[in-house]
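Participant: The file below is my_file-v3.cif, mmCIF, C-alpha atoms and all ligand atoms:
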```cif
data_input
loop_
_atom_site.label_atom_id
_atom_site.label_comp_id
_atom_site.auth_asym_id
_atom_site.auth_seq_id
_atom_site.Cartn_x
_atom_site.Cartn_y
_atom_site.Cartn_z
CA MET A 1 23.18 156.45 157.50
CA ARG A 2 26.28 158.29 158.72
CA TYR A 3 28.94 159.33 156.23
CA SER A 4 31.59 156.99 157.65
CA LYS A 5 29.08 154.12 157.58
CA GLN A 6 28.26 154.81 153.94
CA ARG A 7 31.93 154.86 153.09
CA GLU A 8 32.45 151.55 154.89
CA LEU A 9 29.51 150.00 153.04
CA ILE A 10 30.79 151.17 149.66
CA LEU A 11 34.28 149.90 150.40
CA LYS A 12 32.77 146.53 151.36
CA LYS A 13 30.83 146.39 148.10
CA VAL A 14 33.91 147.21 146.02
CA ALA A 15 35.81 144.47 147.85
CA ALA A 16 33.01 141.97 147.23
CA LEU A 17 32.75 142.67 143.51
CA ASP A 18 35.62 141.11 141.66
CA ASP A 19 34.78 142.39 138.21
CA HIS A 20 35.91 146.02 138.43
CA PRO A 21 32.44 147.50 138.95
CA THR A 22 31.37 150.94 137.74
CA ALA A 23 29.92 153.48 140.20
CA GLU A 24 26.44 152.58 138.89
CA GLU A 25 26.97 148.90 139.68
CA ILE A 26 28.28 149.72 143.17
CA HIS A 27 25.30 152.02 143.68
CA ARG A 28 22.91 149.22 142.70
CA VAL A 29 24.28 146.72 145.25
CA ALA A 30 24.90 149.31 147.99
CA SER A 31 21.41 150.81 147.80
CA ALA A 32 19.99 147.34 148.50
CA ASP A 33 21.58 147.64 151.98
CA CYS A 34 21.07 151.37 152.30
CA PRO A 35 17.83 152.49 150.62
CA GLY A 36 17.87 156.10 149.49
CA LEU A 37 21.61 156.15 148.88
CA SER A 38 22.17 158.47 145.92
CA LEU A 39 24.52 157.85 143.03
CA GLY A 40 26.19 161.18 143.82
CA THR A 41 26.98 159.97 147.34
CA VAL A 42 28.46 156.79 145.89
CA TYR A 43 30.65 158.86 143.55
CA ARG A 44 31.78 161.13 146.40
CA ASN A 45 32.66 158.17 148.60
CA LEU A 46 34.47 156.39 145.79
CA ASN A 47 36.55 159.50 145.09
CA GLY A 48 37.42 159.68 148.79
CA LEU A 49 38.40 156.01 148.87
CA VAL A 50 40.59 156.45 145.78
CA GLU A 51 42.26 159.50 147.37
CA ALA A 52 42.82 157.53 150.57
CA GLY A 53 44.52 154.84 148.51
CA VAL A 54 42.22 151.98 149.54
CA VAL A 55 40.46 151.68 146.17
CA ARG A 56 42.02 151.97 142.75
CA ARG A 57 40.34 153.76 139.86
CA VAL A 58 40.60 152.03 136.50
CA THR A 59 40.18 154.54 133.71
CA VAL A 60 39.00 153.15 130.40
CA PRO A 61 38.96 155.77 127.63
CA GLY A 62 35.45 156.44 126.38
CA ARG A 63 33.83 154.33 129.11
CA ALA A 64 32.73 154.79 132.72
CA ASP A 65 35.46 154.55 135.36
CA ARG A 66 35.79 151.21 137.10
CA PHE A 67 36.80 150.59 140.70
CA ASP A 68 39.20 147.94 141.89
CA HIS A 69 40.05 146.66 145.36
CA THR A 70 43.25 145.02 144.12
CA LEU A 71 45.88 147.65 144.83
CA CYS A 72 49.11 145.95 143.77
CA GLN A 73 50.54 146.82 140.37
CA HIS A 74 48.50 145.02 137.74
CA SER A 75 47.17 145.73 134.29
CA HIS A 76 43.71 145.39 132.82
CA PHE A 77 42.06 143.97 129.77
CA CYS A 78 38.97 145.66 128.36
CA CYS A 79 36.71 143.74 126.00
CA THR A 80 35.63 146.04 123.16
CA SER A 81 32.61 143.81 122.54
CA CYS A 82 30.96 143.49 125.99
CA GLY A 83 32.89 146.19 127.87
CA ASN A 84 33.97 143.85 130.67
CA VAL A 85 37.21 144.73 132.43
CA THR A 86 39.36 141.92 133.82
CA ASP A 87 42.88 141.69 135.18
CA ALA A 88 45.42 141.12 132.42
CA GLU A 89 47.93 138.32 132.74
CA LEU A 90 51.18 140.15 132.32
CA HIS A 91 54.66 139.78 133.71
CA GLU A 92 54.45 143.08 135.58
CA ALA A 93 57.96 142.86 137.06
CA ALA A 94 59.50 142.28 133.63
CA LEU A 95 57.46 145.13 132.20
CA MET A 96 58.59 147.45 134.98
CA GLN A 97 62.21 146.54 134.27
CA THR A 98 61.72 147.32 130.59
CA ILE A 99 60.26 150.71 131.46
CA GLN A 100 63.04 151.58 133.90
CA SER A 101 65.78 150.66 131.48
CA GLY A 102 64.98 153.96 129.74
CA GLY A 103 66.76 155.83 132.55
CA GLN A 104 63.72 157.51 134.07
CA SER A 105 62.68 156.83 137.61
CA VAL A 106 59.25 155.33 137.06
CA ALA A 107 57.06 154.65 140.09
CA GLY A 108 54.26 152.84 138.27
CA TYR A 109 52.10 152.70 135.19
CA GLU A 110 48.55 152.16 134.12
CA LEU A 111 48.09 149.79 131.26
CA THR A 112 44.80 148.75 129.72
CA LEU A 113 44.81 146.23 126.93
CA PHE A 114 41.94 146.14 124.46
CA GLY A 115 40.54 143.20 122.55
CA VAL A 116 37.83 140.55 122.67
CA CYS A 117 37.35 138.45 125.81
CA PRO A 118 37.14 134.61 125.69
CA GLN A 119 33.37 134.68 126.35
CA CYS A 120 32.71 137.01 123.40
CA THR A 121 35.09 135.02 121.19
CA ALA A 122 33.19 131.81 122.03
CA GLN A 123 29.84 133.51 121.38
CA LYS A 124 30.99 134.76 117.97
CA LYS A 125 31.99 131.23 117.00
CA LEU A 126 28.54 129.93 117.98
CA SER A 127 26.53 132.48 116.01
ZN ZN A 201 33.54 140.38 125.97
ZN ZN A 202 42.15 144.89 138.51
#
```
What's the structure tokens form of this structure?
Facilitator:
Amino acid sequence: MRYSKQRELILKKVAALDDHPTAEEIHRVASADCPGLSLGTVYRNLNGLVEAGVVRRVTVPGRADRFDHTLCQHSHFCCTSCGNVTDAELHEAALMQTIQSGGQSVAGYELTLFGVCPQCTAQKKLS
């Protein structure tokens, strides 16, 4: 498979996965369509897509990077129990205003909230 085709396939997979997949997860679904695709190739393509600004990297300290097709300013929530990363419900515009009131010219921010997701909370109550 040609390089540009691989890149297209990986971009399609990132767009189809709504749960901020890791490179390993993208590799798993992409290699179903393109047998023999290596994890290294997936990483290389993902880095290229991030550099091109079509995919966003979500960095979670101490965990594997996640990839996101939602490019607009939004924050994330990471469950410390299951490791799932979801979009956080935050008033981003209000947050941005708060940041800018400090006098700096801020272009953006990356915010990851940590805690326990509703699914894990429900499971804890059951057990
Ligand atoms: Zn969880
Ligand atoms: Zn996101």
Participant: Select the residues contacting ligand ZN 201 (chain A) at a distance of at most 9 Å, based on all atoms listed in the file, then format the selection as a ChimeraX atom specification.
Facilitator: /A:78-85,115-121
Participant: Considering all atoms listed in the file, tabulate each residue of chain A that lies at most 8 Å from ligand ZN 202 (chain A) along with its nearest interatomic pair and the corresponding distance in Å to one decimal; arrange the rows by chain and ascending residue number and present them as a Markdown table.
Facilitator:
```
| residue | atom | partner | partner_atom | distance |
| --- | --- | --- | --- | --- |
| A:Asp19 | CA | A:ZN202 | ZN | 7.8 |
| A:His20 | CA | A:ZN202 | ZN | 6.3 |
| A:Val58 | CA | A:ZN202 | ZN | 7.6 |
| A:Asp68 | CA | A:ZN202 | ZN | 5.4 |
| A:His69 | CA | A:ZN202 | ZN | 7.4 |
| A:Thr70 | CA | A:ZN202 | ZN | 5.7 |
| A:Leu71 | CA | A:ZN202 | ZN | 7.8 |
| A:His74 | CA | A:ZN202 | ZN | 6.4 |
| A:Ser75 | CA | A:ZN202 | ZN | 6.6 |
| A:His76 | CA | A:ZN202 | ZN | 5.9 |
| A:Val85 | CA | A:ZN202 | ZN | 7.8 |
| A:Thr86 | CA | A:ZN202 | ZN | 6.2 |
| A:Asp87 | CA | A:ZN202 | ZN | 4.7 |
| A:Ala88 | CA | A:ZN202 | ZN | 7.9 |
```
Participant: For a quick check of understanding, using only C-alpha atoms, which of A:Val55, A:Pro35, A:Arg44, A:Val29 has the smallest distance to Leu11 (chain A)?
Facilitator: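 Going through A:Val55, A:Pro35, A:Arg44, A:Val29 one by one, the smallest distance to Leu11 (chain A) is for A:Val55.
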Participant: Mind giving me the axis-aligned box for region 102-117 of chain A with 3 Å on every side, centre plus edges in Å to one decimal, as lines of an AutoDock Vina configuration file?
Facilitator:
```
center_x = 52.1
center_y = 148.0
center_z = 131.3
size_x = 35.4
size_y = 25.1
size_z = 23.5
```
Participant: For Cys72 (chain A), which residue out of A:Gln97, A:Ala16, A:Gly108, A:Gln123 is the nearest one, using only C-alpha atoms?
Facilitator: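 Checking each candidate against Cys72 (chain A), we get A:Gly108 as the closest.
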Participant: Measure the distance from CA of Leu39 (chain A) to CA of Glu24 (chain A) in Å and round it to one decimal.
Facilitator: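 These two atoms are separated by 7.0 Å.
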Participant: Using all atoms listed in the file for the distances, tell me which of A:Arg7, A:Arg57, A:Lys124, A:Arg63 is nearest to Leu37 (chain A).
Facilitator: A:Arg7
Participant: Leaving out Ala30 (chain A) and any residue of its chain fewer than 6 positions from it, which residues lie within 8 Å of it when counting all atoms listed in the file, given as a list in words?
Facilitator: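 My reading of the contact set: Leu9, Ile10, Lys13 and Leu37 of chain A.
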Participant: Taking into account only C-alpha atoms, which residue in the set A:Leu126, A:Leu49, A:Val42, A:Val106 is nearest to Thr22 (chain A)?
Facilitator: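 Checking each candidate against Thr22 (chain A), we get A:Val42 as the closest.
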Participant: My list of candidates is A:Arg56, A:Leu111, A:Gln6, A:Leu95. Which is closest to Ser31 (chain A) when distances are computed with only C-alpha atoms?
Facilitator: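 Smallest distance to Ser31 (chain A) is found for A:Gln6.
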Participant: Let me make sure I understand: among A:Glu51, A:Asp18, A:Glu92, A:Glu8, which one has the smallest atom-to-atom distance to Glu110 (chain A) if we use only C-alpha atoms?
Facilitator: A:Glu92
Participant: Can you measure CA of Val50 (chain A) to CA of Phe67 (chain A) for me? One decimal in Å is fine.
Facilitator: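 Separation between CA of Val50 (chain A) and CA of Phe67 (chain A): 8.6 Å.
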Participant: Please indicate the distance in Å from CA of Asn45 (chain A) to CA of Lys12 (chain A), rounded to one decimal place.
Facilitator: 12.0 Å
Participant: Is there a way to complete region 1-35 of chain A with N, CA and C atoms and then write that out as an mmCIF file, in the frame of the given file?
Facilitator:
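Saved the output as out_14.cif:
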```
data_model
loop_
_atom_site.group_PDB
_atom_site.id
_atom_site.type_symbol
_atom_site.label_atom_id
_atom_site.label_comp_id
_atom_site.auth_asym_id
_atom_site.auth_seq_id
_atom_site.Cartn_x
_atom_site.Cartn_y
_atom_site.Cartn_z
ATOM 1 N N MET A 1 21.896 157.138 157.260
ATOM 2 C CA MET A 1 23.180 156.450 157.500
ATOM 3 C C MET A 1 24.321 157.475 157.555
ATOM 4 N N ARG A 2 25.193 157.340 158.556
ATOM 5 C CA ARG A 2 26.280 158.290 158.720
ATOM 6 C C ARG A 2 27.294 158.178 157.585
ATOM 7 N N TYR A 3 27.978 159.270 157.342
ATOM 8 C CA TYR A 3 28.940 159.330 156.230
ATOM 9 C C TYR A 3 29.964 158.203 156.312
ATOM 10 N N SER A 4 30.545 158.009 157.511
ATOM 11 C CA SER A 4 31.590 156.990 157.650
ATOM 12 C C SER A 4 31.025 155.590 157.417
ATOM 13 N N LYS A 5 29.752 155.402 157.786
ATOM 14 C CA LYS A 5 29.080 154.120 157.580
ATOM 15 C C LYS A 5 28.874 153.865 156.089
ATOM 16 N N GLN A 6 28.466 154.927 155.377
ATOM 17 C CA GLN A 6 28.260 154.810 153.940
ATOM 18 C C GLN A 6 29.561 154.430 153.251
ATOM 19 N N ARG A 7 30.613 155.094 153.677
ATOM 20 C CA ARG A 7 31.930 154.860 153.090
ATOM 21 C C ARG A 7 32.378 153.408 153.325
ATOM 22 N N GLU A 8 32.111 152.929 154.525
ATOM 23 C CA GLU A 8 32.450 151.550 154.890
ATOM 24 C C GLU A 8 31.666 150.566 154.021
ATOM 25 N N LEU A 9 30.379 150.855 153.848
ATOM 26 C CA LEU A 9 29.510 150.000 153.040
ATOM 27 C C LEU A 9 30.004 149.949 151.596
ATOM 28 N N ILE A 10 30.344 151.104 151.053
ATOM 29 C CA ILE A 10 30.790 151.170 149.660
ATOM 30 C C ILE A 10 32.122 150.440 149.484
ATOM 31 N N LEU A 11 32.995 150.606 150.453
ATOM 32 C CA LEU A 11 34.280 149.900 150.400
ATOM 33 C C LEU A 11 34.042 148.383 150.423
ATOM 34 N N LYS A 12 33.100 147.953 151.246
ATOM 35 C CA LYS A 12 32.770 146.530 151.360
ATOM 36 C C LYS A 12 32.241 145.997 150.028
ATOM 37 N N LYS A 13 31.427 146.807 149.369
ATOM 38 C CA LYS A 13 30.830 146.390 148.100
ATOM 39 C C LYS A 13 31.911 146.289 147.013
ATOM 40 N N VAL A 14 32.822 147.245 147.014
ATOM 41 C CA VAL A 14 33.910 147.210 146.020
ATOM 42 C C VAL A 14 34.754 145.955 146.246
ATOM 43 N N ALA A 15 34.991 145.635 147.517
ATOM 44 C CA ALA A 15 35.810 144.470 147.850
ATOM 45 C C ALA A 15 35.100 143.164 147.466
ATOM 46 N N ALA A 16 33.766 143.181 147.528
ATOM 47 C CA ALA A 16 33.010 141.970 147.230
ATOM 48 C C ALA A 16 32.850 141.728 145.737
ATOM 49 N N LEU A 17 32.906 142.792 144.965
ATOM 50 C CA LEU A 17 32.750 142.670 143.510
ATOM 51 C C LEU A 17 34.111 142.511 142.869
ATOM 52 N N ASP A 18 34.303 141.402 142.207
ATOM 53 C CA ASP A 18 35.620 141.110 141.660
ATOM 54 C C ASP A 18 35.774 141.501 140.195
ATOM 55 N N ASP A 19 34.727 142.138 139.656
ATOM 56 C CA ASP A 19 34.780 142.390 138.210
ATOM 57 C C ASP A 19 34.924 143.862 137.858
ATOM 58 N N HIS A 20 35.650 144.608 138.716
ATOM 59 C CA HIS A 20 35.910 146.020 138.430
ATOM 60 C C HIS A 20 34.609 146.768 138.145
ATOM 61 N N PRO A 21 33.755 146.880 139.158
ATOM 62 C CA PRO A 21 32.440 147.500 138.950
ATOM 63 C C PRO A 21 32.529 149.000 138.648
ATOM 64 N N THR A 22 31.507 149.498 137.951
ATOM 65 C CA THR A 22 31.370 150.940 137.740
ATOM 66 C C THR A 22 30.652 151.507 138.966
ATOM 67 N N ALA A 23 30.622 152.834 139.069
ATOM 68 C CA ALA A 23 29.920 153.480 140.200
ATOM 69 C C ALA A 23 28.442 153.089 140.193
ATOM 70 N N GLU A 24 27.856 152.962 139.005
ATOM 71 C CA GLU A 24 26.440 152.580 138.890
ATOM 72 C C GLU A 24 26.209 151.188 139.473
ATOM 73 N N GLU A 25 27.122 150.262 139.171
ATOM 74 C CA GLU A 25 26.970 148.900 139.680
ATOM 75 C C GLU A 25 27.130 148.866 141.205
ATOM 76 N N ILE A 26 28.079 149.645 141.720
ATOM 77 C CA ILE A 26 28.280 149.720 143.170
ATOM 78 C C ILE A 26 27.049 150.340 143.818
ATOM 79 N N HIS A 27 26.497 151.360 143.166
ATOM 80 C CA HIS A 27 25.300 152.020 143.680
ATOM 81 C C HIS A 27 24.138 151.029 143.766
ATOM 82 N N ARG A 28 23.998 150.187 142.742
ATOM 83 C CA ARG A 28 22.910 149.220 142.700
ATOM 84 C C ARG A 28 22.982 148.249 143.887
ATOM 85 N N VAL A 29 24.177 147.694 144.148
ATOM 86 C CA VAL A 29 24.280 146.720 145.250
ATOM 87 C C VAL A 29 24.273 147.408 146.618
ATOM 88 N N ALA A 30 24.843 148.618 146.693
ATOM 89 C CA ALA A 30 24.900 149.310 147.990
ATOM 90 C C ALA A 30 23.530 149.826 148.397
ATOM 91 N N SER A 31 22.719 150.255 147.431
ATOM 92 C CA SER A 31 21.410 150.810 147.800
ATOM 93 C C SER A 31 20.453 149.709 148.245
ATOM 94 N N ALA A 32 20.795 148.444 147.973
ATOM 95 C CA ALA A 32 19.990 147.340 148.500
ATOM 96 C C ALA A 32 20.130 147.281 150.031
ATOM 97 N N ASP A 33 21.325 147.629 150.532
ATOM 98 C CA ASP A 33 21.580 147.640 151.980
ATOM 99 C C ASP A 33 21.240 148.977 152.607
ATOM 100 N N CYS A 34 21.260 150.012 151.789
ATOM 101 C CA CYS A 34 21.070 151.370 152.300
ATOM 102 C C CYS A 34 20.118 152.107 151.362
ATOM 103 N N PRO A 35 18.811 151.862 151.520
ATOM 104 C CA PRO A 35 17.830 152.490 150.620
ATOM 105 C C PRO A 35 17.936 154.015 150.673
#
```
